[in-house]
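To keep things clear, I will list the structure first and then write my remarks on it.
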Amino acid sequence: MLKKILSSQACAQCRLCCIFDRYEVWETPVFTPQLRDRISEASPDTKFVPKDSGFIFRVEKFGPDGLFTCPALTEKGCMLGDDKPFDCRIWPYRIMNVGGRRAITIASLCGELYSRPLSQLVEFLKEGLAETIFAYADAHPEIVKPYYEGYPVLLFEPQSSSDSK
Ligand code: SF4
């Protein structure tokens, strides 16, 4: 989904978005029931909890390095391939609730994109990605995260004419 601005080689060499410390657990992706089943089959010890119509990990312990690695991450990358969760397909873009209004933000952890001019990141959203993200969130509200301080807001959802009356 981000192939135009984020090369798959850059992602393959990084994988930071698949590894979480205890302060980033809220960032773990939301899985559909089908993807939850695929991960459970490959990694039966993985625990999930429901979140609206999806599922998130129940993270009970961290590795000796203090990190939780997504069970879908393999030596060759994400075992889900192009079926990976929507959250992962748009990362480092995030959709958050900012004071009661949905907005698209960006995670600074992704050095590859965060080093670009913000205008370029916003322009890419305006080329259609923002519309796709808001439409997906209409059907899957569980992907909208509460606003997390420090995430630059790139784009607010346009207010409908009925909202502004
Ligand atoms: S589902 Fe795949 S892309 Fe998403 S965090 Fe897990 S390993 Fe990474």
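Following the order of the structure tokens, first chain is A, next is B, and so on, with residues numbered from 1 inside each chain and ligands from 1 in the order they appear.
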Contacts of Ile39 of chain A within 8 Å, only C-alpha atoms, excl. fewer than 6 positions in-chain, as a ChimeraX atom specification:
/A:46,71-72
Using only C-alpha atoms and all ligand atoms, which residues of the polymer chains come no farther than 9 Å from ligand 1? I'd like the answer as a ChimeraX atom specification.
/A:15-20,28-31,35,39,69-74,77-81,83-89,91
Between A:Met1, A:Phe156, A:Phe55, A:Asp138, single out the one closest to Asp82 of chain A, counting only C-alpha atoms.
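Going through A:Met1, A:Phe156, A:Phe55, A:Asp138 one by one, the smallest distance to Asp82 of chain A is for A:Met1.
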Write out as a ChimeraX atom specification the set of residues from segment 19-129 of chain A that DSSP, computed on the backbone, places in strand (DSSP E).
/A:19-20,48-51,54-57,68-69,73-74,77-78,93-98,101-106
Keeping N, CA and C atoms for every residue in the selection just given, could you write it to a file as a CSV table (one decimal), in the first residue's frame?
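Saved result, result_37.csv, follows:
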```csv
chain,number,residue,atom,x,y,z
A,19,ILE,N,8.3,-5.3,16.3
A,19,ILE,CA,8.9,-5.6,17.7
A,19,ILE,C,8.5,-4.5,18.6
A,20,PHE,N,8.1,-4.8,19.8
A,20,PHE,CA,7.5,-3.8,20.7
A,20,PHE,C,8.1,-3.9,22.1
A,48,PHE,N,-4.8,-14.1,22.2
A,48,PHE,CA,-5.5,-12.9,21.7
A,48,PHE,C,-6.7,-12.5,22.6
A,49,VAL,N,-7.0,-11.3,22.5
A,49,VAL,CA,-8.2,-10.8,23.1
A,49,VAL,C,-9.1,-10.0,22.0
A,50,PRO,N,-10.4,-10.1,22.1
A,50,PRO,CA,-11.2,-9.4,21.1
A,50,PRO,C,-11.1,-7.9,21.3
A,51,LYS,N,-11.2,-7.3,20.2
A,51,LYS,CA,-11.3,-5.8,20.2
A,51,LYS,C,-12.3,-5.4,19.1
A,54,GLY,N,-12.4,-7.3,15.8
A,54,GLY,CA,-11.1,-7.9,15.5
A,54,GLY,C,-10.4,-8.5,16.8
A,55,PHE,N,-9.1,-8.8,16.7
A,55,PHE,CA,-8.4,-9.4,17.8
A,55,PHE,C,-7.1,-8.7,17.9
A,56,ILE,N,-6.6,-8.5,19.2
A,56,ILE,CA,-5.3,-8.0,19.4
A,56,ILE,C,-4.5,-9.0,20.3
A,57,PHE,N,-3.2,-8.9,20.3
A,57,PHE,CA,-2.5,-9.9,21.2
A,57,PHE,C,-2.7,-9.6,22.6
A,68,PHE,N,8.7,-7.6,22.9
A,68,PHE,CA,7.7,-8.6,22.4
A,68,PHE,C,7.8,-8.6,20.9
A,69,THR,N,8.1,-9.7,20.3
A,69,THR,CA,8.2,-9.8,18.9
A,69,THR,C,6.9,-10.4,18.4
A,73,LEU,N,6.2,-12.8,12.8
A,73,LEU,CA,7.5,-12.4,12.2
A,73,LEU,C,8.4,-13.6,12.1
A,74,THR,N,8.9,-13.9,10.9
A,74,THR,CA,9.8,-15.1,10.7
A,74,THR,C,11.1,-14.5,10.1
A,77,GLY,N,10.6,-12.6,7.1
A,77,GLY,CA,9.7,-11.4,7.2
A,77,GLY,C,8.3,-11.9,7.7
A,78,CYS,N,7.3,-11.1,7.4
A,78,CYS,CA,5.9,-11.4,7.9
A,78,CYS,C,5.4,-12.7,7.3
A,93,TYR,N,2.0,5.2,9.0
A,93,TYR,CA,0.8,6.0,9.2
A,93,TYR,C,-0.1,5.4,10.2
A,94,ARG,N,-0.8,6.1,11.0
A,94,ARG,CA,-1.7,5.6,12.1
A,94,ARG,C,-3.0,6.4,12.0
A,95,ILE,N,-4.1,5.8,12.4
A,95,ILE,CA,-5.3,6.6,12.5
A,95,ILE,C,-5.6,6.6,13.9
A,96,MET,N,-5.9,7.9,14.4
A,96,MET,CA,-6.1,8.1,15.8
A,96,MET,C,-7.3,9.0,16.1
A,97,ASN,N,-7.8,8.9,17.3
A,97,ASN,CA,-8.9,9.8,17.7
A,97,ASN,C,-8.2,11.0,18.4
A,98,VAL,N,-8.3,12.1,17.8
A,98,VAL,CA,-7.7,13.3,18.3
A,98,VAL,C,-8.8,14.3,18.8
A,101,ARG,N,-12.1,13.6,17.0
A,101,ARG,CA,-12.1,13.6,15.5
A,101,ARG,C,-11.0,12.7,15.0
A,102,ARG,N,-11.3,12.0,14.0
A,102,ARG,CA,-10.3,11.0,13.5
A,102,ARG,C,-9.2,11.8,12.7
A,103,ALA,N,-8.0,11.3,12.8
A,103,ALA,CA,-6.9,12.0,12.1
A,103,ALA,C,-5.8,11.0,11.8
A,104,ILE,N,-5.0,11.3,10.8
A,104,ILE,CA,-3.9,10.4,10.4
A,104,ILE,C,-2.6,11.0,10.9
A,105,THR,N,-1.9,10.2,11.7
A,105,THR,CA,-0.7,10.6,12.3
A,105,THR,C,0.5,9.8,11.7
A,106,ILE,N,1.7,10.0,12.2
A,106,ILE,CA,2.8,9.2,11.8
A,106,ILE,C,3.7,8.8,12.9
```
Which is closest to Gln9 of chain A among A:Glu24, A:Asp37, A:Glu112, A:Asp45, if we use only C-alpha atoms?
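Among A:Glu24, A:Asp37, A:Glu112, A:Asp45, it is A:Glu112 that comes nearest to Gln9 of chain A.
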Need to verify the contact set: His140 of chain A, 9 Å, only C-alpha atoms, exclusion of same-chain residues closer than 4 positions in sequence. Can you return it as a list of chain:residue names?
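Selected residues are A:Asp52, A:Ser53, A:Gly54, A:Ala135, A:Tyr136, A:Val144.
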May I ask which of the residues A:Leu125, A:Leu154, A:Ala107, A:Ala130 is the closest one to Glu27 of chain A, counting only C-alpha atoms?
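The shortest atom-to-atom distance to Glu27 of chain A comes from A:Ala107.
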Mind listing the alpha helix (DSSP H) residues of segment 61-165 of chain A, per DSSP on the backbone, as a VMD selection string?
chain A and resid 86 to 90 111 to 114 118 to 124 130 to 139
Between atom CA of Leu121 of chain A and atom CA of Tyr23 of chain A, distance in Å (one decimal):
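Straight-line distance from atom CA of Leu121 of chain A to atom CA of Tyr23 of chain A works out to 25.3 Å.
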Quote the spacing between atom CA of Val122 of chain A and atom CA of Leu155 of chain A in Å to one decimal place.
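Taking atom CA of Val122 of chain A as the start and atom CA of Leu155 of chain A as the end point, the length is 7.0 Å.
For the residues A:Val153, A:Ile90, A:Leu113, A:Cys14, ranking by smallest atom-to-atom distance to Ile133 of chain A using only C-alpha atoms places A:Ile90 first.
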Shortest interatomic distance to Glu60 of chain A - which of A:Ile5, A:Ser108, A:Arg38, A:Val25, counting only C-alpha atoms
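Distance minimum relative to Glu60 of chain A lands on A:Val25.
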Nearest to Lys126 of chain A, chosen from A:Lys145, A:Ala139, A:Tyr114, A:Glu157, with only C-alpha atoms counted in the distances:
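With only C-alpha atoms as the atom set, the closest residue is A:Glu157.
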